[in-house]
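File shown: data-v4.txt (compact mmCIF, C-alpha atoms).
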```
# COMPACT_ATOMS: atom_id res chain seq x y z
CA MET A 1 -291.27 24.59 139.63
CA GLY A 2 -290.53 22.39 136.65
CA ALA A 3 -293.39 19.95 137.02
CA THR A 4 -295.21 19.19 133.76
CA LYS A 5 -298.94 18.63 133.26
CA ASP A 6 -298.30 14.86 133.25
CA LYS A 7 -296.38 15.21 136.51
CA TYR A 8 -299.31 17.15 138.00
CA GLU A 9 -301.68 14.35 137.04
CA THR A 10 -299.35 11.73 138.54
CA ILE A 11 -299.02 13.67 141.80
CA ASN A 12 -302.77 14.32 141.97
CA LYS A 13 -303.43 10.61 141.55
CA LYS A 14 -300.99 9.86 144.34
CA PHE A 15 -302.59 12.50 146.58
CA ASN A 16 -305.99 10.88 146.05
CA GLU A 17 -304.67 7.37 146.66
CA LEU A 18 -303.70 8.60 150.10
CA SER A 19 -307.05 9.15 151.75
CA LEU A 20 -305.74 11.95 153.98
CA PRO A 21 -304.36 15.38 153.00
CA PHE A 22 -300.79 14.88 151.81
CA MET A 23 -299.30 17.85 153.67
CA CYS A 24 -300.97 16.86 156.95
CA TYR A 25 -298.75 13.88 157.55
CA ASP A 26 -296.14 14.79 160.16
CA ILE A 27 -293.27 13.38 158.08
CA VAL A 28 -294.35 15.54 155.12
CA MET A 29 -294.74 18.67 157.25
CA LYS A 30 -291.30 18.13 158.72
CA ALA A 31 -289.74 17.53 155.32
CA ILE A 32 -291.30 20.72 153.95
CA PHE A 33 -290.98 23.09 156.90
CA ILE A 34 -287.91 21.88 158.82
CA ASP A 35 -285.66 24.35 156.96
CA GLU A 36 -288.40 26.94 156.34
CA VAL A 37 -289.18 28.09 159.87
CA ASN A 38 -290.13 31.55 158.56
CA ILE A 39 -293.00 30.03 156.53
CA LEU A 40 -294.03 27.91 159.50
CA ALA A 41 -293.98 31.11 161.59
CA LYS A 42 -296.38 32.77 159.14
CA MET A 43 -298.88 29.94 159.52
CA ILE A 44 -298.63 29.98 163.32
CA SER A 45 -299.05 33.76 163.42
CA ASP A 46 -302.10 33.72 161.14
CA VAL A 47 -303.79 30.97 163.15
CA THR A 48 -302.90 31.93 166.73
CA GLY A 49 -302.38 35.68 166.52
CA ILE A 50 -298.81 35.49 167.85
CA ASP A 51 -296.83 38.39 166.41
CA TYR A 52 -295.04 37.21 163.26
CA LYS A 53 -291.99 39.40 163.84
CA LEU A 54 -291.58 37.86 167.30
CA LEU A 55 -291.74 34.40 165.77
CA GLU A 56 -289.45 35.19 162.84
CA ASP A 57 -286.76 36.74 165.03
CA ASN A 58 -286.80 34.26 167.91
CA VAL A 59 -288.39 30.91 167.10
CA ILE A 60 -286.24 27.82 167.61
CA LEU A 61 -287.46 24.40 166.43
CA GLU A 62 -286.64 22.11 169.34
CA THR A 63 -286.36 18.34 169.59
CA ASN A 64 -289.75 16.64 169.54
CA GLU A 65 -288.73 13.91 171.99
CA LEU A 66 -290.30 14.41 175.43
CA PRO A 67 -288.64 12.88 178.49
CA VAL A 68 -289.92 9.50 179.67
CA SER A 69 -291.24 9.83 183.22
CA ILE A 70 -292.39 6.27 183.98
CA LYS A 71 -290.24 3.14 183.94
CA ASN A 72 -290.69 1.10 180.74
CA GLU A 73 -292.85 3.85 179.26
CA LYS A 74 -292.52 4.25 175.53
CA SER A 75 -290.90 7.45 174.34
CA LYS A 76 -293.30 10.35 173.93
CA ARG A 77 -292.80 11.87 170.50
CA CYS A 78 -294.84 14.94 169.72
CA ASP A 79 -294.68 16.57 166.30
CA PHE A 80 -293.18 20.06 166.75
CA ILE A 81 -291.98 22.07 169.75
CA LEU A 82 -291.22 25.69 168.93
CA LYS A 83 -289.49 27.77 171.54
CA ILE A 84 -290.17 31.47 170.97
CA ASP A 85 -288.36 32.58 174.12
CA LYS A 86 -287.82 31.17 177.61
CA ASN A 87 -291.41 32.03 178.59
CA ASN A 88 -293.15 31.32 175.30
CA ILE A 89 -293.46 27.80 173.83
CA LEU A 90 -295.73 26.33 171.16
CA ASN A 91 -296.47 22.64 170.59
CA LEU A 92 -297.80 21.85 167.11
CA GLU A 93 -299.63 18.55 166.63
CA ILE A 94 -300.85 17.03 163.36
CA ASN A 95 -303.89 14.84 164.00
CA THR A 96 -304.64 12.77 160.92
CA SER A 97 -307.65 10.98 162.43
CA TYR A 98 -309.82 11.04 165.53
CA TYR A 99 -309.82 8.38 168.24
CA PRO A 100 -311.16 8.57 171.83
CA GLU A 101 -307.74 9.01 173.45
CA LEU A 102 -306.59 11.80 171.10
CA VAL A 103 -307.44 14.75 173.36
CA ILE A 104 -305.87 13.07 176.41
CA LYS A 105 -302.73 12.30 174.43
CA ASN A 106 -302.36 15.89 173.23
CA LEU A 107 -303.02 17.26 176.72
CA SER A 108 -300.35 14.93 178.10
CA TYR A 109 -297.86 16.46 175.65
CA LEU A 110 -298.91 19.96 176.66
CA PHE A 111 -298.59 19.44 180.41
CA ASN A 112 -295.39 17.44 180.03
CA ILE A 113 -293.85 20.42 178.25
CA TYR A 114 -295.21 22.71 180.96
CA SER A 115 -293.63 20.61 183.71
CA ARG A 116 -290.24 20.95 182.00
CA THR A 117 -290.30 24.73 182.60
CA ALA A 118 -289.82 24.20 186.36
CA LYS A 119 -286.38 23.09 187.48
CA LYS A 120 -285.78 21.17 190.66
CA GLY A 121 -285.75 23.48 193.68
CA GLU A 122 -287.27 26.38 191.75
CA ASP A 123 -290.77 27.83 191.74
CA TYR A 124 -293.01 27.14 188.78
CA ASN A 125 -292.67 29.72 186.04
CA LYS A 126 -295.57 32.14 186.53
CA ASN A 127 -294.87 33.92 183.24
CA ILE A 128 -294.98 30.89 180.96
CA LEU A 129 -297.19 31.07 177.87
CA LEU A 130 -297.75 27.61 176.51
CA ARG A 131 -299.84 27.11 173.39
CA GLN A 132 -300.81 24.02 171.46
CA LEU A 133 -301.85 24.22 167.81
CA ASN A 134 -303.71 21.14 166.58
CA LEU A 135 -304.04 20.68 162.83
CA ASN A 136 -307.05 18.35 162.67
CA CYS A 137 -307.58 16.44 159.43
CA TYR A 138 -310.96 14.95 160.31
CA GLY A 139 -314.55 16.19 160.57
CA ASP A 140 -316.05 17.02 163.96
CA ASN A 141 -319.34 18.29 165.36
CA LEU A 142 -318.25 21.93 165.47
CA ASP A 143 -319.21 24.35 162.72
CA LYS A 144 -316.14 26.52 163.35
CA PRO A 145 -312.99 25.87 161.32
CA LEU A 146 -310.93 27.41 164.14
CA SER A 147 -311.57 26.94 167.87
CA LYS A 148 -309.62 28.31 170.84
CA TYR A 149 -309.72 26.74 174.29
CA THR A 150 -308.52 28.19 177.60
CA LEU A 151 -309.00 27.35 181.28
CA LEU A 152 -312.22 29.08 182.42
CA GLU A 153 -314.47 29.04 185.49
CA GLU A 154 -317.61 27.13 184.52
CA GLU A 155 -320.30 29.69 185.42
CA THR A 156 -318.60 33.08 185.22
CA HIS A 157 -316.17 32.12 182.41
CA MET A 158 -313.47 33.95 184.35
CA LEU A 159 -310.01 33.07 183.04
CA TYR A 160 -308.34 30.67 185.47
CA SER A 161 -304.86 30.94 183.97
CA LYS A 162 -303.42 32.75 180.98
CA SER A 163 -300.59 30.22 180.74
CA ILE A 164 -302.47 27.66 178.63
CA ALA A 165 -304.20 28.09 175.26
CA ILE A 166 -305.17 25.43 172.72
CA PHE A 167 -306.05 26.14 169.09
CA ASP A 168 -307.81 23.55 166.91
CA LEU A 169 -307.65 24.24 163.16
CA ASN A 170 -309.92 21.86 161.26
CA VAL A 171 -308.41 21.73 157.78
CA VAL A 172 -311.43 19.85 156.38
CA LYS A 173 -313.78 22.70 157.32
CA CYS A 174 -311.22 25.29 156.19
CA ASN A 175 -311.19 23.64 152.76
CA ASP A 176 -315.01 23.66 152.63
CA VAL A 177 -315.15 27.35 153.54
CA TYR A 178 -312.43 28.26 151.04
CA TYR A 179 -314.20 26.64 148.09
CA ASN A 180 -317.71 27.74 149.11
CA LEU A 181 -316.90 31.44 149.43
CA GLY A 182 -317.14 33.26 146.11
CA ASN A 183 -314.96 36.24 147.00
CA LYS A 184 -311.55 34.78 147.80
CA GLU A 185 -310.23 38.21 148.88
CA GLU A 186 -312.44 38.11 151.98
CA ILE A 187 -311.13 34.74 153.17
CA PRO A 188 -309.14 34.95 156.45
CA ASN A 189 -305.55 33.78 156.26
CA TYR A 190 -306.09 30.90 158.69
CA ILE A 191 -308.73 29.51 156.29
CA ARG A 192 -306.21 29.67 153.46
CA TRP A 193 -303.64 27.80 155.54
CA GLY A 194 -306.16 25.09 156.37
CA ALA A 195 -307.20 24.75 152.73
CA LEU A 196 -303.54 24.66 151.68
CA LEU A 197 -302.77 21.84 154.09
CA TYR A 198 -305.85 19.92 152.92
CA ASN A 199 -305.13 20.37 149.21
CA ARG A 200 -304.59 17.21 147.16
CA GLU A 201 -304.35 18.91 143.77
CA PHE A 202 -300.76 19.95 143.15
CA GLU A 203 -301.45 22.67 140.59
CA LYS A 204 -303.91 24.46 142.93
CA ILE A 205 -301.38 24.93 145.71
CA PRO A 206 -299.94 28.23 144.34
CA GLU A 207 -303.44 29.71 144.02
CA THR A 208 -304.36 28.74 147.58
CA ALA A 209 -301.02 29.98 148.95
CA LYS A 210 -301.32 33.35 147.23
CA GLY A 211 -301.62 36.07 149.84
CA ILE A 212 -300.11 34.02 152.66
CA MET A 213 -296.73 33.34 151.04
CA THR A 214 -294.42 35.23 148.72
CA ASP A 215 -293.87 33.92 145.20
CA LYS A 216 -290.41 32.74 146.25
CA GLU A 217 -291.81 30.86 149.25
CA ILE A 218 -294.46 29.21 147.06
CA GLU A 219 -291.73 28.11 144.66
CA ILE A 220 -289.73 26.61 147.55
CA ILE A 221 -292.76 24.67 148.82
CA MET A 222 -293.68 23.42 145.34
CA ASP A 223 -290.13 22.26 144.67
CA LYS A 224 -290.02 20.39 147.98
CA ILE A 225 -293.34 18.63 147.32
CA ASP A 226 -292.17 17.83 143.78
CA LYS A 227 -289.02 16.16 145.13
CA LEU A 228 -290.93 14.27 147.83
CA THR A 229 -293.39 12.81 145.34
CA ASP A 230 -290.46 11.76 143.14
CA ASP A 231 -288.93 9.85 146.04
CA SER A 232 -290.37 6.33 145.75
CA LEU A 233 -289.00 5.29 149.16
CA PHE A 234 -290.57 8.30 150.84
CA MET A 235 -293.94 7.69 149.18
CA SER A 236 -293.79 4.02 150.15
CA ASP A 237 -293.16 5.00 153.77
CA LEU A 238 -296.08 7.40 153.59
CA GLU A 239 -298.41 4.70 152.27
CA THR A 240 -297.27 2.31 155.02
CA ILE A 241 -298.09 4.90 157.66
CA GLU A 242 -301.48 5.58 156.07
CA MET A 243 -302.28 1.86 156.04
CA TYR A 244 -301.26 1.54 159.69
CA GLU A 245 -303.52 4.46 160.65
CA LYS A 246 -306.47 2.82 158.88
CA GLU A 247 -305.84 -0.43 160.75
CA GLN A 248 -305.61 1.38 164.10
CA LYS A 249 -308.82 3.28 163.37
CA ALA A 250 -310.61 0.03 162.50
CA ILE A 251 -309.41 -1.56 165.75
```
Starting from the file, give its structure as structure tokens.
Amino acid sequence: MGATKDKYETINKKFNELSLPFMCYDIVMKAIFIDEVNILAKMISDVTGIDYKLLEDNVILETNELPVSIKNEKSKRCDFILKIDKNNILNLEINTSYYPELVIKNLSYLFNIYSRTAKKGEDYNKNILLRQLNLNCYGDNLDKPLSKYTLLEEETHMLYSKSIAIFDLNVVKCNDVYYNLGNKEEIPNYIRWGALLYNREFEKIPETAKGIMTDKEIEIIMDKIDKLTDDSLFMSDLETIEMYEKEQKAI
């Protein structure tokens, strides 16, 4: 972590020029976590409750290209697919902004992945556990920083199927909770992860990550962010994506 105070100020300025949390762009998340699946496993475990040891020992980061099922349909590219074992799959989506079709799009990813678990001529897999973790970088009408959704009967709330679970982590609300609570020791880990992903101030990342990462892991993350922000081509690509998202939101 060789960044100087001047470098911190430069990075912070760049973070603030990008109106969305730096680490919540999918290309940034992939660049940081693609070779650090153990750190990614910690975040998933703290947010979803999946056993960390199970994740650490078994998780495989699969291709994020879903099969095209309709002629002339554009390729369906979700963000992360993590295969824990043959019956346990997690789809991680990074949602930088809200638009009316967002939920439908994410559900289409989820059920497309589910359909891939059944091979032709075979019964559907009754033991499948399919989870989707949405990292939402926008405000919503819910007061909860973390929400879990399952398939329930409307009146009795009886669980219809244990196969599907969706987790929404609102990093904006996580950041608010983190900085409004005086006693940082009482903050749940999933709040820390949300605040970490939202953070735009480079020098505050180690403080936020303390307790959810080891010192070595923090150093790895800081070095990766340092290199990314030094890469002018990468930052230019990031700004182009951010501009495109603003245009799409305006439309």
Would you list the contacts of Val171 in chain A as a list in words, taking every protein, DNA or RNA residue within 8 Å and counting all atoms listed in the file, but skipping same-chain residues closer than 6 positions in sequence? Leu135, Asn136, Cys137, Tyr138, Pro145, Ile191, Gly194, Ala195, Leu197 and Tyr198 of chain A
Same residues, C-alpha atoms, saved as a compact mmCIF listing (two decimals), in the frame of the given file:
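Everything below was put into again_35.txt:
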```txt
# COMPACT_ATOMS: atom_id res chain seq x y z
CA LEU A 135 -304.04 20.68 162.83
CA ASN A 136 -307.05 18.35 162.67
CA CYS A 137 -307.58 16.44 159.43
CA TYR A 138 -310.96 14.95 160.31
CA PRO A 145 -312.99 25.87 161.32
CA ILE A 191 -308.73 29.51 156.29
CA GLY A 194 -306.16 25.09 156.37
CA ALA A 195 -307.20 24.75 152.73
CA LEU A 197 -302.77 21.84 154.09
CA TYR A 198 -305.85 19.92 152.92
```
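Closest approach to Ile128 in chain A from the set A:Ser97, A:Ser232, A:Asn141, A:Asn88 is made by A:Asn88, with distances taken over only C-alpha atoms.
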Which residues come within 12 Å of Leu61 in chain A, counting all atoms listed in the file, excluding same-chain residues fewer than 6 positions away, as a PyMOL selection string? chain A and resi 30+33-38+40-41+55+79-85+89-92
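Comparing A:Glu185, A:Asp231, A:Asp176, A:Glu9 by their smallest distance to Lys210 in chain A, the closest is A:Glu185 (using only C-alpha atoms).
Residues in contact with Met23 in chain A at up to 9 Å, not including ones fewer than 6 positions away on its chain and judged by all atoms listed in the file, are Met29, Ile32, Leu196, Leu197, Tyr198, Asn199, Arg200 and Ile225 of chain A.
Interatomic distance, CA of Ile241 in chain A to CA of Asp26 in chain A: 10.4 Å.
Compared by their closest atoms to Tyr52 in chain A, and using all atoms listed in the file, the residues A:Ala250, A:Met235, A:Ile39, A:Val172 rank with A:Ile39 nearest.
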Rounded to one decimal, what separation in Å do you get between CA of Glu201 in chain A and CA of Asn175 in chain A? 12.2 Å
Report, as AutoDock Vina command-line options, the centre and edge lengths in Å (one decimal) of the axis-aligned box enclosing every listed atom of range 153-164 of chain A, padded by 5 Å on each side.
```
--center_x -310.4 --center_y 30.5 --center_z 182.1 --size_x 29.7 --size_y 16.8 --size_z 16.9
```
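For Phe234 in chain A, the list of residues within 10 Å, based on all atoms listed in the file and with local chain neighbours fewer than 6 positions off taken out, reads Ile27, Val28, Lys227, Leu228 and Thr240 of chain A.
Straight-line separation from CA of Ile221 in chain A to CA of Thr96 in chain A: 20.7 Å.
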Find, counting all atoms listed in the file, the residue in A:Ser161, A:Val59, A:Thr117, A:Pro21 that gets nearest to Ser45 in chain A. A:Val59
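The shell of residues at most 9 Å from Asp140 in chain A, with all atoms listed in the file counted and near chain neighbours (fewer than 3 positions) removed, consists of Tyr98, Asp143 and Asn170 of chain A.
If you measure from each of A:Thr156, A:Asn134, A:Asn127, A:Thr208 to Lys105 in chain A using all atoms listed in the file, the closest one turns out to be A:Asn134.
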